[in-house]
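Pasting my_file.tsv here (TSV, C-alpha atoms and all ligand atoms):
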chain	number	residue	atom	x	y	z
C	852	MET	CA	0.00	0.00	0.00
C	853	PRO	CA	1.82	3.20	-1.13
C	854	ILE	CA	2.29	6.05	1.34
C	855	ILE	CA	1.53	9.66	0.35
C	856	LEU	CA	4.20	12.15	1.44
C	857	ASN	CA	2.68	15.63	1.70
C	858	GLU	CA	5.52	18.12	1.14
C	859	LYS	CA	4.22	21.49	2.36
C	860	HIS	CA	5.84	24.59	0.78
C	861	SER	CA	3.54	27.32	1.98
C	862	THR	CA	0.08	27.63	3.50
C	863	GLY	CA	-1.31	27.42	0.01
C	864	LEU	CA	0.92	24.93	-1.77
C	865	SER	CA	1.97	21.34	-1.13
C	866	MET	CA	3.36	18.60	-3.31
C	867	ASN	CA	2.05	15.08	-2.77
C	868	TRP	CA	4.51	12.28	-3.53
C	869	THR	CA	3.38	8.65	-3.85
C	870	VAL	CA	6.01	6.66	-1.96
C	871	ASP	CA	6.30	3.01	-2.97
C	872	LYS	CA	8.92	2.18	-0.34
C	873	VAL	CA	10.84	3.71	2.55
C	874	LEU	CA	14.36	2.39	2.03
C	875	TYR	CA	16.05	4.24	4.92
C	876	HIS	CA	14.80	6.37	7.79
C	877	GLN	CA	16.80	7.78	10.69
C	878	LYS	CA	16.69	10.85	12.90
C	879	SER	CA	20.12	12.49	13.01
C	880	ASP	CA	21.32	15.27	15.33
C	881	PHE	CA	20.19	17.74	12.65
C	882	GLN	CA	17.16	16.40	10.81
C	883	GLU	CA	15.06	13.43	9.82
C	884	VAL	CA	16.87	11.59	7.01
C	885	ALA	CA	14.98	9.29	4.62
C	886	ILE	CA	15.63	7.56	1.33
C	887	LEU	CA	12.33	6.99	-0.44
C	888	GLU	CA	11.33	5.11	-3.58
C	889	LEU	CA	9.01	7.66	-5.26
C	890	GLN	CA	6.58	6.23	-7.80
C	891	GLU	CA	7.18	9.09	-10.27
C	892	LEU	CA	10.82	10.19	-9.87
C	893	GLY	CA	12.51	7.15	-8.35
C	894	ARG	CA	14.85	7.00	-5.38
C	895	ALA	CA	15.07	10.27	-3.50
C	896	LEU	CA	16.67	11.85	-0.44
C	897	ALA	CA	14.21	13.60	1.89
C	898	LEU	CA	15.25	15.77	4.85
C	899	ASP	CA	12.53	16.63	7.37
C	900	GLY	CA	10.00	15.57	4.75
C	901	ALA	CA	11.41	17.85	1.99
C	902	ILE	CA	12.60	16.10	-1.18
C	903	GLN	CA	16.24	17.15	-1.83
C	904	VAL	CA	17.23	15.14	-4.90
C	905	THR	CA	15.63	12.43	-7.05
C	906	VAL	CA	17.52	10.08	-9.34
C	907	LYS	CA	15.26	11.07	-12.24
C	908	ASP	CA	16.32	14.73	-12.53
C	909	GLU	CA	19.20	15.37	-10.08
C	910	PHE	CA	21.59	15.87	-12.98
C	911	VAL	CA	19.87	19.13	-13.99
C	912	TYR	CA	20.54	20.90	-10.72
C	913	ASN	CA	23.88	19.19	-9.97
C	914	GLU	CA	25.28	20.06	-13.41
C	915	MET	CA	24.01	23.65	-13.36
C	916	ILE	CA	25.22	24.50	-9.86
C	917	THR	CA	28.74	23.28	-10.72
C	918	HIS	CA	29.57	23.71	-14.42
C	919	VAL	CA	28.40	27.33	-14.65
C	920	PRO	CA	30.83	28.58	-11.94
C	921	LEU	CA	33.57	26.12	-12.97
C	922	PHE	CA	33.52	27.34	-16.57
C	923	THR	CA	33.34	30.96	-15.39
C	924	HIS	CA	36.60	30.67	-13.40
C	925	PRO	CA	39.63	30.18	-15.70
C	926	ASN	CA	41.53	27.95	-13.27
C	927	PRO	CA	39.24	26.36	-10.64
C	928	GLU	CA	41.84	24.16	-8.94
C	929	LYS	CA	40.45	24.20	-5.39
C	930	VAL	CA	36.70	23.84	-4.94
C	931	LEU	CA	34.61	23.83	-1.77
C	932	ILE	CA	31.05	22.53	-1.65
C	933	ILE	CA	29.03	23.46	1.45
C	934	GLY	CA	26.23	20.93	1.89
C	935	GLY	CA	25.86	18.73	-1.17
C	936	GLY	CA	25.82	15.60	0.99
C	937	ASP	CA	24.22	13.47	-1.72
C	938	GLY	CA	27.49	13.78	-3.63
C	939	GLY	CA	25.96	14.90	-6.95
C	940	ALA	CA	27.65	18.31	-7.05
C	941	ALA	CA	31.01	16.76	-6.07
C	942	ARG	CA	30.59	14.18	-8.84
C	943	GLU	CA	30.17	16.95	-11.39
C	944	ALA	CA	32.93	19.20	-10.02
C	945	ALA	CA	35.45	16.33	-10.10
C	946	LYS	CA	34.85	15.93	-13.88
C	947	HIS	CA	36.68	19.20	-14.60
C	948	PRO	CA	40.30	18.49	-15.63
C	949	LYS	CA	41.49	21.73	-13.97
C	950	VAL	CA	39.86	20.85	-10.64
C	951	LYS	CA	42.51	19.26	-8.41
C	952	GLN	CA	40.62	19.17	-5.09
C	953	VAL	CA	36.94	19.16	-4.06
C	954	ASP	CA	36.26	19.62	-0.33
C	955	MET	CA	32.65	18.65	0.40
C	956	CYS	CA	31.60	20.02	3.80
C	957	GLU	CA	28.34	18.30	4.81
C	958	ILE	CA	27.08	18.84	8.36
C	959	ASP	CA	25.26	15.52	8.70
C	960	PRO	CA	27.12	12.17	8.66
C	961	VAL	CA	23.77	10.36	8.54
C	962	VAL	CA	23.12	11.94	5.11
C	963	ILE	CA	26.49	10.60	3.94
C	964	GLU	CA	25.69	7.12	5.28
C	965	ALA	CA	22.24	7.03	3.65
C	966	CYS	CA	23.43	8.32	0.26
C	967	ARG	CA	26.46	6.05	0.21
C	968	GLU	CA	24.14	3.06	0.54
C	969	TYR	CA	21.08	4.09	-1.49
C	970	LEU	CA	22.13	6.82	-3.96
C	971	PRO	CA	25.32	5.43	-5.58
C	972	GLU	CA	24.61	7.48	-8.73
C	973	MET	CA	25.69	10.53	-6.71
C	974	SER	CA	27.67	9.18	-3.77
C	975	VAL	CA	30.09	7.56	-6.22
C	976	SER	CA	31.92	10.88	-5.83
C	977	TYR	CA	32.86	10.10	-2.23
C	978	ASP	CA	35.45	7.62	-3.57
C	979	ASN	CA	36.87	10.00	-6.18
C	980	PRO	CA	40.51	10.72	-5.22
C	981	LYS	CA	39.91	14.45	-5.83
C	982	VAL	CA	37.03	14.55	-3.30
C	983	ASN	CA	37.45	15.05	0.48
C	984	VAL	CA	34.25	14.40	2.45
C	985	ILE	CA	34.26	16.60	5.57
C	986	THR	CA	31.43	16.28	8.12
C	987	LYS	CA	31.37	19.72	9.73
C	988	ASP	CA	29.10	22.75	9.95
C	989	GLY	CA	29.87	24.83	6.87
C	990	ILE	CA	29.28	28.01	8.85
C	991	ALA	CA	32.27	27.27	11.09
C	992	PHE	CA	34.36	25.58	8.40
C	993	ILE	CA	34.26	28.60	6.09
C	994	LYS	CA	35.65	30.89	8.82
C	995	ASN	CA	38.69	28.65	9.34
C	996	ASN	CA	39.84	28.58	5.73
C	997	PRO	CA	40.73	32.10	4.66
C	998	ASN	CA	41.92	32.82	1.10
C	999	THR	CA	41.81	29.14	0.18
C	1000	TYR	CA	39.35	28.38	-2.61
C	1001	ASP	CA	38.96	29.34	-6.27
C	1002	VAL	CA	35.27	28.33	-6.38
C	1003	ILE	CA	32.77	27.73	-3.57
C	1004	ILE	CA	29.39	26.10	-4.18
C	1005	ILE	CA	26.66	26.40	-1.55
C	1006	ASP	CA	24.55	23.35	-2.31
C	1007	SER	CA	22.35	23.73	0.75
C	1008	SER	CA	18.94	22.53	1.73
C	1009	ASP	CA	16.18	25.14	2.04
C	1010	PRO	CA	16.66	27.96	4.58
C	1011	VAL	CA	15.48	25.85	7.50
C	1012	GLY	CA	17.23	24.05	10.35
C	1013	PRO	CA	21.05	23.96	9.98
C	1014	ALA	CA	20.84	25.81	6.64
C	1015	VAL	CA	19.16	29.02	7.88
C	1016	GLU	CA	22.41	30.95	8.31
C	1017	LEU	CA	23.68	29.83	4.88
C	1018	PHE	CA	21.36	32.43	3.33
C	1019	GLN	CA	22.53	35.38	5.41
C	1020	LYS	CA	24.91	38.25	4.62
C	1021	GLN	CA	27.33	37.30	7.39
C	1022	PHE	CA	27.83	33.90	5.81
C	1023	TYR	CA	28.41	35.41	2.36
C	1024	THR	CA	30.95	37.74	4.00
C	1025	ASP	CA	32.75	34.68	5.37
C	1026	VAL	CA	32.53	32.99	1.95
C	1027	ARG	CA	34.25	36.06	0.48
C	1028	GLY	CA	37.04	35.63	3.05
C	1029	ALA	CA	37.51	31.95	2.13
C	1030	LEU	CA	37.83	32.77	-1.59
C	1031	LYS	CA	41.17	33.61	-3.20
C	1032	GLU	CA	41.57	37.14	-4.61
C	1033	ASP	CA	39.97	36.12	-7.95
C	1034	GLY	CA	37.55	33.58	-6.51
C	1035	LEU	CA	33.81	33.23	-7.08
C	1036	PHE	CA	30.90	31.38	-5.51
C	1037	VAL	CA	27.39	30.21	-6.32
C	1038	CYS	CA	24.49	29.40	-4.00
C	1039	GLN	CA	21.18	27.77	-4.76
C	1040	SER	CA	18.71	30.58	-4.09
C	1041	GLU	CA	15.29	28.87	-4.34
C	1042	SER	CA	12.25	29.29	-6.59
C	1043	LEU	CA	11.31	32.39	-8.60
C	1044	PHE	CA	7.61	31.71	-8.04
C	1045	LEU	CA	7.67	30.84	-4.35
C	1046	HIS	CA	10.66	32.66	-2.85
C	1047	MET	CA	11.12	35.94	-4.74
C	1048	GLN	CA	11.76	37.99	-1.58
C	1049	LEU	CA	14.51	35.57	-0.57
C	1050	ILE	CA	16.06	35.79	-4.04
C	1051	LYS	CA	16.04	39.60	-3.76
C	1052	ASP	CA	17.56	39.51	-0.26
C	1053	VAL	CA	20.29	37.09	-1.33
C	1054	TYR	CA	21.06	39.13	-4.46
C	1055	THR	CA	21.17	42.38	-2.46
C	1056	SER	CA	23.57	40.85	0.08
C	1057	ILE	CA	25.85	39.41	-2.59
C	1058	SER	CA	25.80	42.59	-4.70
C	1059	SER	CA	26.95	44.56	-1.65
C	1060	LEU	CA	29.91	42.20	-1.09
C	1061	PHE	CA	31.12	41.33	-4.61
C	1062	PRO	CA	31.85	43.47	-7.70
C	1063	VAL	CA	30.02	40.93	-9.86
C	1064	ALA	CA	26.63	39.48	-8.84
C	1065	ARG	CA	24.61	37.43	-11.29
C	1066	VAL	CA	21.49	35.22	-11.16
C	1067	TYR	CA	20.87	32.31	-13.48
C	1068	THR	CA	18.08	29.74	-13.67
C	1069	SER	CA	17.11	26.22	-14.64
C	1070	THR	CA	13.96	24.18	-14.32
C	1071	ASN	CA	13.40	20.73	-12.90
C	1072	ALA	CA	10.60	18.47	-11.77
C	1073	THR	CA	11.64	17.89	-8.18
C	1074	TYR	CA	11.65	21.34	-6.63
C	1075	PRO	CA	8.50	23.28	-5.90
C	1076	GLY	CA	7.78	26.16	-8.23
C	1077	PHE	CA	9.89	24.42	-10.88
C	1078	LEU	CA	11.85	27.53	-12.04
C	1079	TRP	CA	14.92	27.50	-9.81
C	1080	SER	CA	17.52	30.22	-9.20
C	1081	TYR	CA	21.27	30.22	-8.55
C	1082	THR	CA	23.08	33.38	-7.43
C	1083	MET	CA	26.75	34.01	-8.15
C	1084	GLY	CA	29.14	36.40	-6.39
C	1085	SER	CA	32.50	36.95	-8.09
C	1086	LYS	CA	35.58	38.96	-7.09
C	1087	LYS	CA	36.76	39.28	-10.68
C	1088	TYR	CA	35.28	37.11	-13.44
C	1089	ASP	CA	31.89	37.96	-14.96
C	1090	PRO	CA	30.08	35.04	-16.65
C	1091	LEU	CA	28.37	37.52	-18.98
C	1092	GLU	CA	31.74	38.72	-20.20
C	1093	LYS	CA	33.22	35.29	-20.90
C	1094	GLY	CA	34.18	35.02	-24.55
C	1095	GLU	CA	34.92	31.54	-25.83
C	1096	LEU	CA	34.47	29.04	-22.98
C	1097	GLU	CA	37.05	26.28	-22.42
C	1098	PRO	CA	36.03	23.19	-24.42
C	1099	GLN	CA	33.85	20.75	-22.45
C	1100	THR	CA	35.82	17.50	-22.32
C	1101	PHE	CA	33.35	15.39	-20.32
C	1102	GLN	CA	29.81	14.04	-20.58
C	1103	THR	CA	26.79	15.80	-19.12
C	1104	LYS	CA	23.07	15.06	-19.44
C	1105	TYR	CA	21.77	18.60	-19.19
C	1106	TYR	CA	24.54	21.22	-19.14
C	1107	ASN	CA	26.13	22.53	-22.33
C	1108	HIS	CA	27.81	25.81	-23.24
C	1109	ASP	CA	24.67	27.13	-24.97
C	1110	LEU	CA	22.85	26.68	-21.67
C	1111	PHE	CA	25.71	28.42	-19.86
C	1112	LYS	CA	24.84	31.60	-21.71
C	1113	ALA	CA	21.07	31.06	-21.95
C	1114	SER	CA	20.67	30.44	-18.20
C	1115	PHE	CA	21.63	34.06	-17.50
C	1116	ALA	CA	18.87	35.38	-19.77
C	1117	LEU	CA	16.34	36.33	-17.11
C	1118	PRO	CA	12.57	36.73	-17.43
C	1119	ASN	CA	11.41	40.34	-17.15
C	1120	PHE	CA	9.53	39.80	-13.87
C	1121	LEU	CA	12.78	38.68	-12.22
C	1122	LYS	CA	14.89	41.43	-13.82
C	1123	GLU	CA	12.44	44.05	-12.57
C	1124	GLU	CA	12.55	42.64	-9.04
C	1125	LEU	CA	16.36	42.56	-9.00
C	1126	GLU	CA	16.63	46.07	-10.39
C	1127	GLN	CA	14.35	47.28	-7.58
C	1128	LYS	CA	17.08	46.57	-5.05
W	1201	LIG	N1	20.32	19.99	-4.00
W	1201	LIG	C1	19.48	19.98	-2.82
W	1201	LIG	C2	18.59	21.18	-2.81
W	1201	LIG	O1	18.81	22.11	-3.60
W	1201	LIG	O2	17.68	21.18	-1.98
W	1201	LIG	C3	20.27	19.93	-1.56
W	1201	LIG	C4	21.51	19.12	-1.63
W	1201	LIG	S1	22.12	18.47	-0.17
W	1201	LIG	C5	21.02	17.22	0.23
W	1201	LIG	C6	21.85	19.75	1.03
W	1201	LIG	C7	22.66	19.44	2.26
W	1201	LIG	O3	22.99	20.61	3.00
W	1201	LIG	C8	21.96	18.52	3.28
W	1201	LIG	O4	22.53	17.23	3.22
W	1201	LIG	C9	22.19	19.21	4.64
W	1201	LIG	O5	22.50	18.29	5.67
W	1201	LIG	C10	23.33	20.14	4.31
W	1201	LIG	N2	23.48	21.30	5.21
W	1201	LIG	C11	22.49	22.07	5.74
W	1201	LIG	N3	23.02	23.01	6.54
W	1201	LIG	C12	24.39	22.83	6.51
W	1201	LIG	C13	25.49	23.48	7.15
W	1201	LIG	N4	25.30	24.52	7.98
W	1201	LIG	N5	26.75	23.03	6.88
W	1201	LIG	C14	26.95	21.98	6.04
W	1201	LIG	N6	25.94	21.29	5.42
W	1201	LIG	C15	24.67	21.73	5.66
In structure tokens, how does this file's structure come out?
Ligand code: SAM
Amino acid sequence: MPIILNEKHSTGLSMNWTVDKVLYHQKSDFQEVAILELQELGRALALDGAIQVTVKDEFVYNEMITHVPLFTHPNPEKVLIIGGGDGGAAREAAKHPKVKQVDMCEIDPVVIEACREYLPEMSVSYDNPKVNVITKDGIAFIKNNPNTYDVIIIDSSDPVGPAVELFQKQFYTDVRGALKEDGLFVCQSESLFLHMQLIKDVYTSISSLFPVARVYTSTNATYPGFLWSYTMGSKKYDPLEKGELEPQTFQTKYYNHDLFKASFALPNFLKEELEQK
């Protein structure tokens, strides 16, 4: 008998998922961790009842949150991922020939354990020699690594629980301190249709801290509101001023260089909101 998971996103909007099987379920020190077999999108990681990634469309988000910043920076040798415990972003970052080291700082070891066992499509990255899996709070970790990284990727859950501070100006200030003098970072900044005020707040914070601030988008089936945003802060390189991009020497299922450029073409309703800083 399938279970129905009701994923509530606001008072007026929920997503109902038909769950064929609960493959893993454990309460960690930070959240409730579950691996579910969803009838529509396959195996998925859920944290406190919110679907984080599904095997059916994870590649869209994991490719876009990594390859756009990694092709913007000319020499992304040292990469830090905050969050990203499923391993999908680390899998993609490790594909880049110029990337020598990927530090993945995930706060919850139970997420690592669950994904290692049930989401090998993504957790395969844990065994990549370039990848270091660190189980620490990214908020503290970032403060202790000044001037260290070329690219930082904030692949966080929604702004709830341990992730709340990952959307605040103080954290972005600390990210700036952890970046090298020509470094850049990207954070997932939620849905255009459900979280516009948050997108504006994040963009305003990042614009006040970095000379280059850009928003780009992609769509997917898993996240509520479907049109998803990523916000970039860069000390030097502007993705909109990149001429010829480095050739892509590895396989992707969604990302390509046409999408690199197209993803920064913003709908008017978002442009107007961002201009009204
Ligand atoms: N791609 C997914 C999305 O956009 O919702 C999220 C990927 S991953 C599952 C998000 C991870 O961020 C979770 O595993 C969570 O434990 C982790 N996380 C939340 N707050 C954190 C913090 N302060 N430091 C490090 N990791 C954190």
Next item on the list: Within 6 Å of ligand LIG 1201 (chain W), which residues show up when you count all atoms listed in the file? List them as a ChimeraX atom specification, please.
Entry: /C:903-904,933-937,956-959,962,988-990,1006-1009,1013-1014
Next item on the list: Record the distance separating CA of Val953 (chain C) and CA of Gln1099 (chain C), expressed in Å with one decimal.
Entry: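 Pair CA of Val953 (chain C) / CA of Gln1099 (chain C) returns 18.7 Å.
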Show me a table, sorted first by chain and then by increasing residue number, of the residues of region 898-966 of chain C having an atom at most 8 Å from region 872-892 of chain C, each with its shortest atom pair and the distance in Å to one decimal, counting all atoms listed in the file and written as JSON lines.
{"residue": "C:Leu898", "atom": "CA", "partner": "C:Val884", "partner_atom": "CA", "distance": 5.0}
{"residue": "C:Asp899", "atom": "CA", "partner": "C:Glu883", "partner_atom": "CA", "distance": 4.8}
{"residue": "C:Gly900", "atom": "CA", "partner": "C:Glu883", "partner_atom": "CA", "distance": 7.5}
{"residue": "C:Thr905", "atom": "CA", "partner": "C:Leu892", "partner_atom": "CA", "distance": 6.0}
{"residue": "C:Val906", "atom": "CA", "partner": "C:Leu892", "partner_atom": "CA", "distance": 6.7}
{"residue": "C:Lys907", "atom": "CA", "partner": "C:Leu892", "partner_atom": "CA", "distance": 5.1}
{"residue": "C:Asp908", "atom": "CA", "partner": "C:Leu892", "partner_atom": "CA", "distance": 7.6}
{"residue": "C:Asp959", "atom": "CA", "partner": "C:Phe881", "partner_atom": "CA", "distance": 6.8}
{"residue": "C:Val961", "atom": "CA", "partner": "C:Ser879", "partner_atom": "CA", "distance": 6.2}
{"residue": "C:Val962", "atom": "CA", "partner": "C:Val884", "partner_atom": "CA", "distance": 6.5}
{"residue": "C:Ala965", "atom": "CA", "partner": "C:Tyr875", "partner_atom": "CA", "distance": 6.9}
{"residue": "C:Cys966", "atom": "CA", "partner": "C:Ile886", "partner_atom": "CA", "distance": 7.9}
Item checked: Separation of CA of Thr1100 (chain C) from CA of Ala945 (chain C), in Å and rounded to one decimal ->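 We find that CA of Thr1100 (chain C) and CA of Ala945 (chain C) lie 12.3 Å from each other.
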Next item on the list: Figure out the distance between CA of Ala1072 (chain C) and CA of Lys859 (chain C), please, to one decimal in Å.
Entry: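 For CA of Lys859 (chain C) relative to CA of Ala1072 (chain C), the distance reads 15.8 Å.
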Margin query: Counting only C-alpha atoms, which residue out of C:Leu1035, C:Ala940, C:Leu970, C:Val982 sits closest to Asn926 (chain C)?
Written below: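 Counting only C-alpha atoms, the residue closest to Asn926 (chain C) is C:Leu1035.
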Notebook entry, point to check: Leu864 (chain C): which residues within 12 Å, counting all atoms listed in the file, same-chain residues fewer than 2 positions away excluded, as a VMD selection string?
Noted result: chain C and resid 857 to 862 866 to 867 1044 to 1045 1075 to 1076
Next item on the list: Excluding region 1121-1128 of chain C and any residue of its chain fewer than 3 positions from it, enumerate the residues within 12 Å of it, using all atoms listed in the file, and give them as a PyMOL selection string.
Entry: chain C and resi 1042-1044+1046-1059+1064-1068+1078-1080+1082+1115-1118
Next item on the list: May I ask which of the residues C:Gly1094, C:Met973, C:Thr986, C:Pro1010 is the closest one to Pro960 (chain C), counting only C-alpha atoms?
Entry: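 For Pro960 (chain C), the nearest of the candidates is C:Thr986.
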Checklist line | From C:Thr923, C:Gln952, C:Asn1119, C:Ser1085, residue lying nearest Tyr1023 (chain C) [all atoms listed in the file] | finding: C:Ser1085
Notebook entry, point to check: So, counting all atoms listed in the file, which residue among C:Lys1087, C:His947, C:Lys1104, C:Lys981 is closest to Val911 (chain C)?
Noted result: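 Among the listed residues, C:Lys1104 lies closest to Val911 (chain C).
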Next item on the list: Would you please work out which residue, of C:Val950, C:Glu964, C:Gln1019, C:Lys994, is nearest to Pro980 (chain C) when using all atoms listed in the file?
Entry: C:Val950
